[in-house]
$ cat upload26.cif   # mmCIF, C-alpha atoms and all ligand atoms
data_target
loop_
_atom_site.label_atom_id
_atom_site.label_comp_id
_atom_site.auth_asym_id
_atom_site.auth_seq_id
_atom_site.Cartn_x
_atom_site.Cartn_y
_atom_site.Cartn_z
CA MET A 123 2.55 29.67 12.55
CA LYS A 124 5.97 28.44 11.46
CA ILE A 125 6.43 24.70 11.89
CA ASP A 126 9.82 22.98 12.29
CA PHE A 127 10.01 19.63 10.44
CA ALA A 128 12.30 17.64 12.76
CA LYS A 129 13.03 20.01 15.71
CA LEU A 130 16.63 18.80 16.05
CA GLN A 131 17.83 22.06 17.64
CA TYR A 132 14.94 21.93 20.11
CA GLN A 133 15.89 18.38 21.08
CA TYR A 134 19.53 19.40 21.64
CA GLN A 135 18.47 22.24 23.92
CA LEU A 136 16.26 19.82 25.84
CA TYR A 137 19.15 17.45 26.67
CA LYS A 138 21.96 20.00 26.31
CA GLU A 139 23.57 19.50 29.72
CA GLU A 140 23.65 15.72 29.44
CA ILE A 141 24.87 15.75 25.84
CA ASP A 142 27.53 18.42 26.39
CA SER A 143 28.88 16.57 29.37
CA ALA A 144 28.96 13.26 27.46
CA ILE A 145 30.85 14.88 24.56
CA HIS A 146 33.27 16.66 26.91
CA SER A 147 34.00 13.45 28.70
CA VAL A 148 35.20 11.97 25.38
CA LEU A 149 37.27 15.11 24.70
CA ASP A 150 38.85 14.89 28.15
CA LYS A 151 39.81 11.26 27.57
CA SER A 152 40.62 11.77 23.86
CA ASN A 153 39.42 8.21 23.23
CA TYR A 154 38.06 9.19 19.84
CA ILE A 155 38.22 5.78 18.18
CA MET A 156 36.60 2.72 19.78
CA GLY A 157 36.47 4.37 23.22
CA GLU A 158 34.48 2.87 26.09
CA GLU A 159 31.35 4.81 25.00
CA VAL A 160 31.22 2.59 21.89
CA LYS A 161 30.99 -0.59 23.96
CA GLU A 162 28.51 1.11 26.26
CA LEU A 163 26.27 2.04 23.35
CA GLU A 164 26.44 -1.46 21.90
CA GLU A 165 25.30 -2.90 25.24
CA ASN A 166 22.55 -0.31 25.54
CA LEU A 167 21.37 -1.09 22.01
CA GLN A 168 21.30 -4.81 22.80
CA ASN A 169 19.22 -4.17 25.90
CA PHE A 170 16.83 -1.90 24.04
CA THR A 171 16.27 -4.13 21.02
CA GLY A 172 16.59 -7.60 22.50
CA ALA A 173 19.09 -8.50 19.77
CA LYS A 174 22.00 -10.57 21.09
CA HIS A 175 24.60 -8.47 19.26
CA ALA A 176 24.67 -4.80 18.31
CA ILE A 177 27.72 -3.60 16.38
CA THR A 178 28.00 0.13 15.77
CA CYS A 179 29.38 1.40 12.48
CA ALA A 180 29.96 4.58 10.49
CA SER A 181 26.51 4.90 8.87
CA GLY A 182 23.34 3.09 7.89
CA THR A 183 24.91 2.62 4.46
CA ASP A 184 27.99 0.93 5.94
CA ALA A 185 25.68 -1.18 8.10
CA LEU A 186 24.10 -2.59 4.92
CA LEU A 187 27.52 -3.20 3.37
CA LEU A 188 28.77 -4.96 6.51
CA ALA A 189 25.65 -7.13 6.63
CA MET A 190 26.08 -8.28 3.04
CA MET A 191 29.84 -8.71 3.35
CA ALA A 192 29.31 -10.87 6.43
CA LEU A 193 26.96 -13.08 4.39
CA ASP A 194 29.55 -13.34 1.57
CA ILE A 195 27.44 -11.56 -1.03
CA LYS A 196 29.51 -11.66 -4.21
CA PRO A 197 29.45 -10.32 -7.77
CA GLY A 198 26.71 -12.06 -9.71
CA ASP A 199 24.52 -12.78 -6.69
CA GLU A 200 20.95 -11.51 -6.84
CA ILE A 201 19.30 -9.71 -3.95
CA ILE A 202 15.58 -9.04 -3.86
CA THR A 203 14.50 -5.65 -2.52
CA THR A 204 12.00 -2.83 -2.88
CA PRO A 205 12.26 -0.03 -5.45
CA PHE A 206 10.50 2.35 -3.05
CA THR A 207 13.26 3.25 -0.60
CA PHE A 208 16.30 5.47 -0.12
CA ILE A 209 19.04 4.75 -2.66
CA ALA A 210 21.39 3.18 -0.08
CA THR A 211 19.36 -0.03 0.10
CA ALA A 212 20.00 -0.95 -3.54
CA GLU A 213 23.21 1.02 -4.06
CA THR A 214 25.08 -1.14 -1.54
CA ILE A 215 23.92 -4.31 -3.33
CA ALA A 216 25.29 -2.96 -6.61
CA PHE A 217 28.43 -1.63 -4.90
CA LEU A 218 29.32 -5.21 -3.95
CA GLY A 219 28.81 -6.28 -7.57
CA ALA A 220 25.56 -8.07 -6.82
CA LYS A 221 22.34 -7.38 -8.70
CA PRO A 222 19.37 -5.63 -7.12
CA VAL A 223 16.17 -7.39 -8.19
CA PHE A 224 13.17 -5.20 -7.48
CA VAL A 225 9.71 -6.33 -6.41
CA ASP A 226 6.71 -3.99 -6.25
CA ILE A 227 5.28 -2.75 -2.97
CA ASP A 228 2.07 -3.24 -1.03
CA GLU A 229 -0.36 -0.39 -1.66
CA LYS A 230 -1.25 0.01 2.01
CA THR A 231 2.05 -0.27 3.89
CA TYR A 232 4.33 0.80 0.97
CA ASN A 233 6.65 -2.05 1.97
CA ILE A 234 7.80 -4.90 -0.29
CA ASP A 235 4.88 -7.15 -1.33
CA PRO A 236 5.76 -10.72 -0.25
CA SER A 237 3.27 -12.24 -2.71
CA LYS A 238 5.37 -10.99 -5.63
CA ILE A 239 8.75 -12.27 -4.42
CA GLU A 240 8.77 -15.97 -5.28
CA GLU A 241 8.42 -15.40 -9.04
CA LYS A 242 11.69 -13.41 -8.91
CA ILE A 243 13.76 -16.07 -7.14
CA THR A 244 16.44 -17.75 -9.29
CA ASN A 245 19.37 -20.01 -8.45
CA LYS A 246 21.47 -16.85 -8.05
CA THR A 247 19.22 -15.29 -5.40
CA LYS A 248 21.00 -15.04 -2.05
CA ALA A 249 18.97 -12.71 0.13
CA ILE A 250 15.89 -10.56 0.56
CA ILE A 251 16.27 -7.01 1.91
CA PRO A 252 12.95 -5.54 3.06
CA VAL A 253 12.97 -1.93 4.28
CA SER A 254 10.90 -0.83 7.27
CA LEU A 255 9.69 2.23 5.39
CA TYR A 256 8.67 5.34 7.36
CA GLY A 257 9.31 3.27 10.50
CA GLN A 258 7.03 0.27 9.92
CA PRO A 259 8.49 -3.25 9.43
CA ALA A 260 7.41 -5.17 6.33
CA ASP A 261 5.47 -8.45 6.69
CA ILE A 262 8.32 -10.32 8.37
CA ASP A 263 6.19 -13.48 8.91
CA LYS A 264 5.75 -13.99 5.19
CA LEU A 265 9.27 -12.83 4.31
CA GLN A 266 10.89 -15.19 6.81
CA ALA A 267 8.76 -18.08 5.52
CA ILE A 268 9.88 -17.38 1.93
CA ALA A 269 13.52 -17.04 3.03
CA ASP A 270 13.35 -20.34 4.92
CA LYS A 271 11.64 -22.16 2.06
CA HIS A 272 14.24 -21.05 -0.51
CA ASN A 273 17.25 -21.02 1.81
CA LEU A 274 17.76 -17.25 1.48
CA LYS A 275 19.08 -14.76 4.03
CA LEU A 276 16.81 -12.04 5.38
CA ILE A 277 18.49 -8.66 5.97
CA ILE A 278 16.20 -5.97 7.37
CA ASP A 279 17.02 -2.36 6.43
CA GLY A 280 15.76 -0.70 9.59
CA ALA A 281 17.40 2.67 8.94
CA GLN A 282 14.07 4.41 9.54
CA SER A 283 12.58 2.13 12.14
CA PHE A 284 14.71 1.87 15.28
CA GLY A 285 12.40 0.69 18.09
CA SER A 286 9.57 -0.48 15.83
CA THR A 287 8.14 -3.97 16.36
CA PHE A 288 6.61 -6.89 14.49
CA ASN A 289 4.77 -9.52 16.53
CA GLY A 290 6.17 -7.89 19.65
CA LYS A 291 9.85 -8.10 18.63
CA THR A 292 11.89 -5.09 17.55
CA ASP A 293 12.86 -5.19 13.90
CA SER A 294 16.50 -5.17 15.04
CA ASN A 295 15.82 -8.58 16.55
CA LEU A 296 14.39 -10.19 13.39
CA GLY A 297 15.83 -11.69 10.23
CA ASP A 298 19.42 -12.95 9.96
CA ILE A 299 20.85 -9.44 10.20
CA SER A 300 19.14 -6.12 10.76
CA THR A 301 20.62 -2.65 10.29
CA THR A 302 19.87 0.87 11.41
CA SER A 303 21.09 4.43 10.88
CA PHE A 304 21.79 7.24 13.34
CA PHE A 305 21.73 9.95 10.66
CA PRO A 306 20.51 13.08 12.49
CA ALA A 307 17.01 13.07 10.97
CA LYS A 308 16.28 9.40 11.71
CA PRO A 309 14.14 8.70 14.79
CA LEU A 310 17.28 8.02 16.87
CA GLY A 311 19.93 10.32 15.45
CA CYS A 312 23.47 11.34 16.37
CA PHE A 313 25.25 14.59 15.48
CA GLY A 314 26.76 13.34 12.24
CA ASP A 315 26.86 9.89 10.67
CA GLY A 316 26.43 6.62 12.51
CA GLY A 317 24.71 3.27 12.28
CA ALA A 318 24.48 -0.22 13.70
CA VAL A 319 24.21 -3.85 12.64
CA PHE A 320 22.22 -6.35 14.72
CA THR A 321 22.27 -10.13 14.75
CA ASN A 322 21.55 -13.04 17.05
CA SER A 323 24.34 -15.11 15.51
CA ASP A 324 27.65 -15.20 17.43
CA GLU A 325 29.49 -16.18 14.29
CA LEU A 326 28.11 -13.34 12.15
CA ALA A 327 28.66 -10.83 14.96
CA GLN A 328 32.31 -11.76 15.24
CA LYS A 329 32.78 -11.45 11.50
CA ILE A 330 30.99 -8.09 11.32
CA LYS A 331 33.21 -6.74 14.11
CA MET A 332 36.28 -7.74 12.13
CA LEU A 333 34.95 -6.43 8.81
CA ARG A 334 34.27 -3.07 10.46
CA ILE A 335 37.97 -2.73 11.33
CA HIS A 336 39.65 -3.72 8.06
CA GLY A 337 38.88 -7.39 8.49
CA GLN A 338 41.41 -7.72 11.28
CA ASN A 339 41.23 -10.31 14.05
CA LYS A 340 44.38 -8.95 15.66
CA ARG A 341 46.13 -5.66 15.00
CA TYR A 342 47.78 -5.78 11.56
CA HIS A 343 46.49 -9.32 10.94
CA HIS A 344 43.72 -9.25 8.37
CA LYS A 345 41.50 -12.28 8.02
CA TYR A 346 39.01 -10.65 5.61
CA ILE A 347 38.92 -7.81 3.11
CA GLY A 348 37.11 -5.32 5.31
CA MET A 349 36.61 -1.59 5.61
CA GLY A 350 37.15 1.40 7.90
CA GLY A 351 33.60 1.45 9.17
CA ARG A 352 33.73 2.45 12.83
CA MET A 353 31.36 4.86 14.55
CA ASP A 354 33.15 7.74 16.33
CA THR A 355 33.24 7.62 20.12
CA ILE A 356 31.75 11.14 20.26
CA GLN A 357 28.74 10.06 18.19
CA CYS A 358 28.25 7.01 20.41
CA ALA A 359 28.31 9.29 23.47
CA VAL A 360 25.53 11.39 21.94
CA VAL A 361 23.37 8.36 21.14
CA ASN A 362 23.92 6.98 24.66
CA VAL A 363 22.22 10.10 26.02
CA LYS A 364 19.41 10.15 23.47
CA LEU A 365 18.70 6.44 23.89
CA LYS A 366 17.82 7.04 27.57
CA HIS A 367 14.94 9.22 26.42
CA TYR A 368 14.01 7.17 23.37
CA LYS A 369 11.12 5.13 24.82
CA ASP A 370 9.51 8.41 25.70
CA ASP A 371 10.27 9.84 22.23
CA LEU A 372 8.68 6.81 20.57
CA ALA A 373 5.54 7.14 22.69
CA LYS A 374 5.32 10.80 21.74
CA ARG A 375 5.74 10.01 18.05
CA GLN A 376 2.85 7.53 18.39
CA GLU A 377 0.75 10.26 19.96
CA VAL A 378 1.60 12.73 17.19
CA ALA A 379 0.71 10.15 14.51
CA LYS A 380 -2.57 9.35 16.25
CA LYS A 381 -3.50 13.01 16.53
CA TYR A 382 -2.63 13.61 12.86
CA SER A 383 -4.85 10.70 11.81
CA GLU A 384 -7.75 11.93 13.96
CA GLU A 385 -7.45 15.44 12.58
CA LEU A 386 -7.05 14.41 8.96
CA ARG A 387 -9.53 11.51 8.82
CA VAL A 388 -12.49 13.71 8.09
CA LYS A 389 -10.80 16.23 5.83
CA SER A 390 -11.04 14.83 2.34
CA GLU A 391 -11.56 11.75 0.21
CA GLU A 392 -8.41 12.60 -1.72
CA LEU A 393 -6.25 12.06 1.36
CA VAL A 394 -4.87 8.59 2.05
CA LEU A 395 -3.57 8.29 5.61
CA PRO A 396 -0.82 5.95 6.85
CA TYR A 397 -1.81 2.34 7.51
CA VAL A 398 -0.11 0.28 10.21
CA ASP A 399 -0.48 -3.52 10.17
CA LYS A 400 -2.07 -4.94 13.35
CA ARG A 401 1.02 -7.07 14.01
CA ALA A 402 3.36 -4.06 13.76
CA THR A 403 4.21 -0.83 15.51
CA SER A 404 5.90 2.01 13.65
CA ALA A 405 8.75 4.20 14.87
CA TRP A 406 7.10 6.95 12.81
CA ALA A 407 10.24 8.22 11.11
CA GLN A 408 7.77 9.93 8.79
CA TYR A 409 4.06 10.61 8.82
CA SER A 410 3.38 10.35 5.10
CA ILE A 411 0.03 10.95 3.45
CA ARG A 412 -1.05 10.63 -0.16
CA ILE A 413 -2.77 13.25 -2.24
CA ASN A 414 -4.74 10.81 -4.37
CA ASP A 415 -5.41 13.26 -7.16
CA GLU A 416 -2.81 13.36 -9.89
CA GLY A 417 -0.68 16.46 -10.14
CA GLN A 418 -2.10 18.03 -6.98
CA ARG A 419 0.72 17.13 -4.60
CA GLU A 420 3.10 19.85 -5.71
CA LYS A 421 0.33 22.44 -5.44
CA VAL A 422 -0.53 21.32 -1.93
CA GLN A 423 3.14 21.43 -0.96
CA ALA A 424 3.54 24.96 -2.32
CA LYS A 425 0.44 26.19 -0.47
CA LEU A 426 1.58 24.59 2.77
CA LYS A 427 5.00 26.20 2.43
CA GLU A 428 3.32 29.61 2.14
CA VAL A 429 1.61 29.11 5.50
CA GLY A 430 4.74 27.88 7.31
CA VAL A 431 4.26 24.12 6.99
CA PRO A 432 7.32 22.35 5.54
CA THR A 433 6.77 19.05 3.72
CA ALA A 434 9.07 16.55 2.01
CA VAL A 435 8.72 13.72 -0.48
CA HIS A 436 10.12 10.31 0.42
CA TYR A 437 10.67 9.39 -2.42
CA PRO A 438 9.84 11.13 -5.69
CA MET A 439 11.50 8.58 -8.00
CA PRO A 440 11.49 4.81 -7.49
CA LEU A 441 14.92 3.22 -7.74
CA HIS A 442 14.26 1.17 -10.90
CA LEU A 443 13.91 4.47 -12.81
CA GLN A 444 17.14 6.02 -11.48
CA GLU A 445 19.86 6.75 -14.00
CA CYS A 446 22.44 4.75 -12.04
CA PHE A 447 20.32 1.61 -12.48
CA GLU A 448 19.66 2.04 -16.19
CA TYR A 449 21.89 -0.97 -16.85
CA LEU A 450 19.39 -3.20 -15.04
CA GLY A 451 16.97 -2.63 -17.92
CA TYR A 452 13.85 -1.66 -16.00
CA LYS A 453 11.38 0.78 -17.46
CA GLU A 454 8.36 2.86 -16.48
CA GLY A 455 5.41 0.59 -15.82
CA ASN A 456 7.45 -2.26 -14.29
CA PHE A 457 6.32 -1.46 -10.74
CA PRO A 458 3.02 0.39 -11.04
CA ILE A 459 2.31 0.68 -7.33
CA ALA A 460 5.73 2.11 -6.41
CA GLU A 461 5.41 4.50 -9.36
CA LYS A 462 1.93 5.65 -8.35
CA ILE A 463 2.83 6.13 -4.68
CA SER A 464 5.98 8.09 -5.57
CA LYS A 465 3.76 10.62 -7.37
CA GLU A 466 1.27 10.96 -4.51
CA ILE A 467 3.23 10.64 -1.26
CA MET A 468 4.11 13.59 0.96
CA SER A 469 5.62 13.63 4.45
CA LEU A 470 4.34 16.06 7.08
CA PRO A 471 6.44 17.52 9.90
CA MET A 472 7.16 14.68 12.35
CA ASN A 473 8.98 14.81 15.67
CA PRO A 474 8.14 14.00 19.29
CA TYR A 475 7.55 17.64 20.17
CA LEU A 476 4.74 18.69 17.82
CA SER A 477 1.97 20.21 19.92
CA ASP A 478 -1.75 19.49 19.47
CA GLU A 479 -2.18 23.11 18.34
CA GLU A 480 0.50 22.69 15.68
CA ILE A 481 -1.05 19.45 14.42
CA GLU A 482 -4.51 21.05 14.31
CA TYR A 483 -3.05 23.99 12.40
CA ILE A 484 -1.32 21.70 9.85
CA ALA A 485 -4.48 19.65 9.37
CA THR A 486 -6.59 22.76 8.87
CA GLN A 487 -4.16 24.14 6.30
CA ILE A 488 -4.21 20.85 4.40
C1 LIG B 1 18.83 6.73 5.72
C2 LIG B 1 18.71 5.42 5.10
C3 LIG B 1 19.82 4.60 4.81
C4 LIG B 1 21.24 5.08 4.94
O1 LIG B 1 21.60 5.54 6.18
P1 LIG B 1 22.84 6.56 6.32
O2 LIG B 1 23.12 6.54 7.79
O3 LIG B 1 22.39 7.87 5.82
O4 LIG B 1 23.97 6.00 5.54
C5 LIG B 1 19.61 3.33 4.31
N1 LIG B 1 18.38 2.88 4.08
C6 LIG B 1 17.28 3.62 4.31
C7 LIG B 1 15.93 3.03 4.06
C8 LIG B 1 17.41 4.92 4.82
O5 LIG B 1 16.31 5.65 5.04
#
$ encode --input "upload26.cif" --output "structure tokens"
Amino acid sequence: MKIDFAKLQYQYQLYKEEIDSAIHSVLDKSNYIMGEEVKELEENLQNFTGAKHAITCASGTDALLLAMMALDIKPGDEIITTPFTFIATAETIAFLGAKPVFVDIDEKTYNIDPSKIEEKITNKTKAIIPVSLYGQPADIDKLQAIADKHNLKLIIDGAQSFGSTFNGKTDSNLGDISTTSFFPAKPLGCFGDGGAVFTNSDELAQKIKMLRIHGQNKRYHHKYIGMGGRMDTIQCAVVNVKLKHYKDDLAKRQEVAKKYSEELRVKSEELVLPYVDKRATSAWAQYSIRINDEGQREKVQAKLKEVGVPTAVHYPMPLHLQECFEYLGYKEGNFPIAEKISKEIMSLPMNPYLSDEEIEYIATQI
């Protein structure tokens, strides 16, 4: 068998007529920038997530920048986040001149550990940025309580988790601002780069909309230092089509994850399967398991590759050990759990279209 990791081409073929017609409609109108499809998508995203405002933007990275710019994050400010995430989460903090302050992760969910946050709060701390890793929100109850107690902002990096929930609310509808990404391989992807910022605050929404278009409140009148951060109309048209099918996609991802867990549960003591908190649902961006036996992961990956099962590692090096963050002065041993998980974690093929036979095959090969 030869397994496809994300089945993006398969998905395109499935919705080809609808997607082609949506793209052609933009071409026929040539409304490439801020066309009506952009507004349509923003309304559709609001309806789907329950967030009062959805503002599309050029990528999940820009979404993080816009969120922090809207909250006036400035050089010297400190932002608490997880070292076990994609670089964009901490890179954008540093890009704005602020300082990423890392906190180790929870060994079960791999998300930021709220019990280790308060000791890192100083009078320069402005915000906490949890990441909903692999699709599962962090412990938002505890994070919001800490943010409220210390008067900090909560920005949720939901790049991997569109449609996930915590206590019945989508993670786009939690915190002060939440962000997502429509990078093709995310659960809800476009055909290039795209992203969105969510908030329930009218004031922040208005500011984010201006920041996205060079800080302008009126053409050629610039209230803020902003950026060129719009999402293309064509990309919005694609997401409008995919969003119609997304509830179904999410349900299928749940099914795939459930089947994986059933198949793998009995296989081996060295396997650690994903854990989802009872208060949360995951969007299952990844189904990531651990090979809890040092040095064995790479061997398992190589063997799986030989039998047609692609795997990936999200992420092999925690951010505090990255060269670009050397200046922060962290060293190996600072965040033992993130370091351990980064050596053991491995993502299996995950998409809504994996068949039971494929999942059984993958499990058997493992
Ligand atoms: C993908 C990702 C981003 C960045 O999204 P882009 O659309 O690729 O810019 C940010 N944070 C996390 C956790 C991600 O996985």
$ closest_residue --input "upload26.cif" --among "A:Ala281, A:Leu265, A:Ile239, A:Met190" --to "Phe208 of chain A" --atoms "only C-alpha atoms"
A:Ala281
$ closest_residue --input "upload26.cif" --among "A:Ser300, A:Gln133, A:Ser147, A:Ser477" --to "Glu377 of chain A" --atoms "only C-alpha atoms"
A:Ser477
$ closest_residue --input "upload26.cif" --among "A:Cys312, A:Ile411, A:Val429, A:Leu333" --to "ligand LIG 1 (chain B)" --atoms "only C-alpha atoms and all ligand atoms"
A:Cys312
$ residues_near_ligand --input "upload26.cif" --ligand "ligand LIG 1 (chain B)" --cutoff "7 Å" --atoms "only C-alpha atoms and all ligand atoms" --output "PDB file with C-alpha atoms, in the frame of the given file"
ATOM      1  CA  SER A 181      26.510   4.900   8.870  1.00  0.00           C
ATOM      2  CA  GLY A 182      23.340   3.090   7.890  1.00  0.00           C
ATOM      3  CA  THR A 183      24.910   2.620   4.460  1.00  0.00           C
ATOM      4  CA  ASP A 184      27.990   0.930   5.940  1.00  0.00           C
ATOM      5  CA  THR A 207      13.260   3.250  -0.600  1.00  0.00           C
ATOM      6  CA  PHE A 208      16.300   5.470  -0.120  1.00  0.00           C
ATOM      7  CA  ALA A 210      21.390   3.180  -0.080  1.00  0.00           C
ATOM      8  CA  THR A 211      19.360  -0.030   0.100  1.00  0.00           C
ATOM      9  CA  VAL A 253      12.970  -1.930   4.280  1.00  0.00           C
ATOM     10  CA  LEU A 255       9.690   2.230   5.390  1.00  0.00           C
ATOM     11  CA  ASP A 279      17.020  -2.360   6.430  1.00  0.00           C
ATOM     12  CA  GLY A 280      15.760  -0.700   9.590  1.00  0.00           C
ATOM     13  CA  ALA A 281      17.400   2.670   8.940  1.00  0.00           C
ATOM     14  CA  GLN A 282      14.070   4.410   9.540  1.00  0.00           C
ATOM     15  CA  SER A 303      21.090   4.430  10.880  1.00  0.00           C
ATOM     16  CA  PHE A 304      21.790   7.240  13.340  1.00  0.00           C
ATOM     17  CA  PHE A 305      21.730   9.950  10.660  1.00  0.00           C
ATOM     18  CA  ASP A 315      26.860   9.890  10.670  1.00  0.00           C
ATOM     19  CA  GLY A 316      26.430   6.620  12.510  1.00  0.00           C
ATOM     20  CA  GLY A 317      24.710   3.270  12.280  1.00  0.00           C
TER      21      GLY A 317
END
$ closest_residue --input "upload26.cif" --among "A:Ala144, A:Ala180, A:Leu136, A:Ala407" --to "Glu158 of chain A" --atoms "only C-alpha atoms"
A:Ala144
$ atom_distance --input "upload26.cif" --atom1 "atom CA of Thr292 of chain A" --atom2 "atom CA of Ala405 of chain A"
10.2 Å
$ closest_residue --input "upload26.cif" --among "A:Glu466, A:Ala267, A:Asp415, A:Phe313" --to "Ala359 of chain A" --atoms "only C-alpha atoms"
A:Phe313
$ atom_distance --input "upload26.cif" --atom1 "atom CA of Lys230 of chain A" --atom2 "atom CA of Asp399 of chain A"
8.9 Å
$ atom_distance --input "upload26.cif" --atom1 "atom CA of Tyr256 of chain A" --atom2 "atom CA of Ile141 of chain A"
26.7 Å
$ closest_residue --input "upload26.cif" --among "A:Ala185, A:Ile467, A:Ala460, A:Ile330" --to "His436 of chain A" --atoms "all atoms listed in the file"
A:Ile467
$ axis_aligned_box --input "upload26.cif" --around "segment 232-248 of chain A" --padding-each-side "6 Å" --output "lines of an AutoDock Vina configuration file"
center_x = 12.4
center_y = -9.6
center_z = -3.7
size_x = 30.2
size_y = 32.8
size_z = 23.3
$ residues_around --input "upload26.cif" --residues "Gln266 of chain A" --least-positions-apart "4" --cutoff "9 Å" --atoms "only C-alpha atoms" --output "count of residues only"
9
$ residues_around --input "upload26.cif" --residues "Tyr397 of chain A" --least-positions-apart "5" --cutoff "10 Å" --atoms "only C-alpha atoms" --output "PyMOL selection string"
chain A and resi 229-232+258+383+404+410-411
$ residues_around --input "upload26.cif" --residues "Phe170 of chain A" --least-positions-apart "4" --cutoff "10 Å" --atoms "only C-alpha atoms" --output "list of chain:residue names"
A:Glu164, A:Glu165, A:Asn166, A:Phe284, A:Gly285, A:Thr292, A:Ser294, A:Leu365, A:Lys366, A:Tyr368, A:Lys369
$ write_last_selection --input "upload26.cif" --atoms "C-alpha atoms" --output "compact mmCIF listing (two decimals), in the frame of the given file"
# COMPACT_ATOMS: atom_id res chain seq x y z
CA GLU A 164 26.44 -1.46 21.90
CA GLU A 165 25.30 -2.90 25.24
CA ASN A 166 22.55 -0.31 25.54
CA PHE A 284 14.71 1.87 15.28
CA GLY A 285 12.40 0.69 18.09
CA THR A 292 11.89 -5.09 17.55
CA SER A 294 16.50 -5.17 15.04
CA LEU A 365 18.70 6.44 23.89
CA LYS A 366 17.82 7.04 27.57
CA TYR A 368 14.01 7.17 23.37
CA LYS A 369 11.12 5.13 24.82
$ residues_around --input "upload26.cif" --residues "Ile201 of chain A" --least-positions-apart "4" --cutoff "8 Å" --atoms "all atoms listed in the file" --output "PyMOL selection string"
chain A and resi 215+220-223+247-251
$ write_last_selection --input "upload26.cif" --atoms "C-alpha atoms" --output "compact mmCIF listing (two decimals), in the frame of the given file"
# COMPACT_ATOMS: atom_id res chain seq x y z
CA ILE A 215 23.92 -4.31 -3.33
CA ALA A 220 25.56 -8.07 -6.82
CA LYS A 221 22.34 -7.38 -8.70
CA PRO A 222 19.37 -5.63 -7.12
CA VAL A 223 16.17 -7.39 -8.19
CA THR A 247 19.22 -15.29 -5.40
CA LYS A 248 21.00 -15.04 -2.05
CA ALA A 249 18.97 -12.71 0.13
CA ILE A 250 15.89 -10.56 0.56
CA ILE A 251 16.27 -7.01 1.91
$ residues_near_point --input "upload26.cif" --point "(-0.1, 21.6, 13.9)" --cutoff "12 Å" --atoms "all atoms listed in the file" --output "number ranges by chain"
A: 123-127, 378-379, 381-382, 385-386, 426, 429-432, 470-473, 475-488
$ write_last_selection --input "upload26.cif" --atoms "C-alpha atoms" --output "PDB file, in the coordinates of the input"
ATOM      1  CA  MET A 123       2.550  29.670  12.550  1.00  0.00           C
ATOM      2  CA  LYS A 124       5.970  28.440  11.460  1.00  0.00           C
ATOM      3  CA  ILE A 125       6.430  24.700  11.890  1.00  0.00           C
ATOM      4  CA  ASP A 126       9.820  22.980  12.290  1.00  0.00           C
ATOM      5  CA  PHE A 127      10.010  19.630  10.440  1.00  0.00           C
ATOM      6  CA  VAL A 378       1.600  12.730  17.190  1.00  0.00           C
ATOM      7  CA  ALA A 379       0.710  10.150  14.510  1.00  0.00           C
ATOM      8  CA  LYS A 381      -3.500  13.010  16.530  1.00  0.00           C
ATOM      9  CA  TYR A 382      -2.630  13.610  12.860  1.00  0.00           C
ATOM     10  CA  GLU A 385      -7.450  15.440  12.580  1.00  0.00           C
ATOM     11  CA  LEU A 386      -7.050  14.410   8.960  1.00  0.00           C
ATOM     12  CA  LEU A 426       1.580  24.590   2.770  1.00  0.00           C
ATOM     13  CA  VAL A 429       1.610  29.110   5.500  1.00  0.00           C
ATOM     14  CA  GLY A 430       4.740  27.880   7.310  1.00  0.00           C
ATOM     15  CA  VAL A 431       4.260  24.120   6.990  1.00  0.00           C
ATOM     16  CA  PRO A 432       7.320  22.350   5.540  1.00  0.00           C
ATOM     17  CA  LEU A 470       4.340  16.060   7.080  1.00  0.00           C
ATOM     18  CA  PRO A 471       6.440  17.520   9.900  1.00  0.00           C
ATOM     19  CA  MET A 472       7.160  14.680  12.350  1.00  0.00           C
ATOM     20  CA  ASN A 473       8.980  14.810  15.670  1.00  0.00           C
ATOM     21  CA  TYR A 475       7.550  17.640  20.170  1.00  0.00           C
ATOM     22  CA  LEU A 476       4.740  18.690  17.820  1.00  0.00           C
ATOM     23  CA  SER A 477       1.970  20.210  19.920  1.00  0.00           C
ATOM     24  CA  ASP A 478      -1.750  19.490  19.470  1.00  0.00           C
ATOM     25  CA  GLU A 479      -2.180  23.110  18.340  1.00  0.00           C
ATOM     26  CA  GLU A 480       0.500  22.690  15.680  1.00  0.00           C
ATOM     27  CA  ILE A 481      -1.050  19.450  14.420  1.00  0.00           C
ATOM     28  CA  GLU A 482      -4.510  21.050  14.310  1.00  0.00           C
ATOM     29  CA  TYR A 483      -3.050  23.990  12.400  1.00  0.00           C
ATOM     30  CA  ILE A 484      -1.320  21.700   9.850  1.00  0.00           C
ATOM     31  CA  ALA A 485      -4.480  19.650   9.370  1.00  0.00           C
ATOM     32  CA  THR A 486      -6.590  22.760   8.870  1.00  0.00           C
ATOM     33  CA  GLN A 487      -4.160  24.140   6.300  1.00  0.00           C
ATOM     34  CA  ILE A 488      -4.210  20.850   4.400  1.00  0.00           C
TER      35      ILE A 488
END
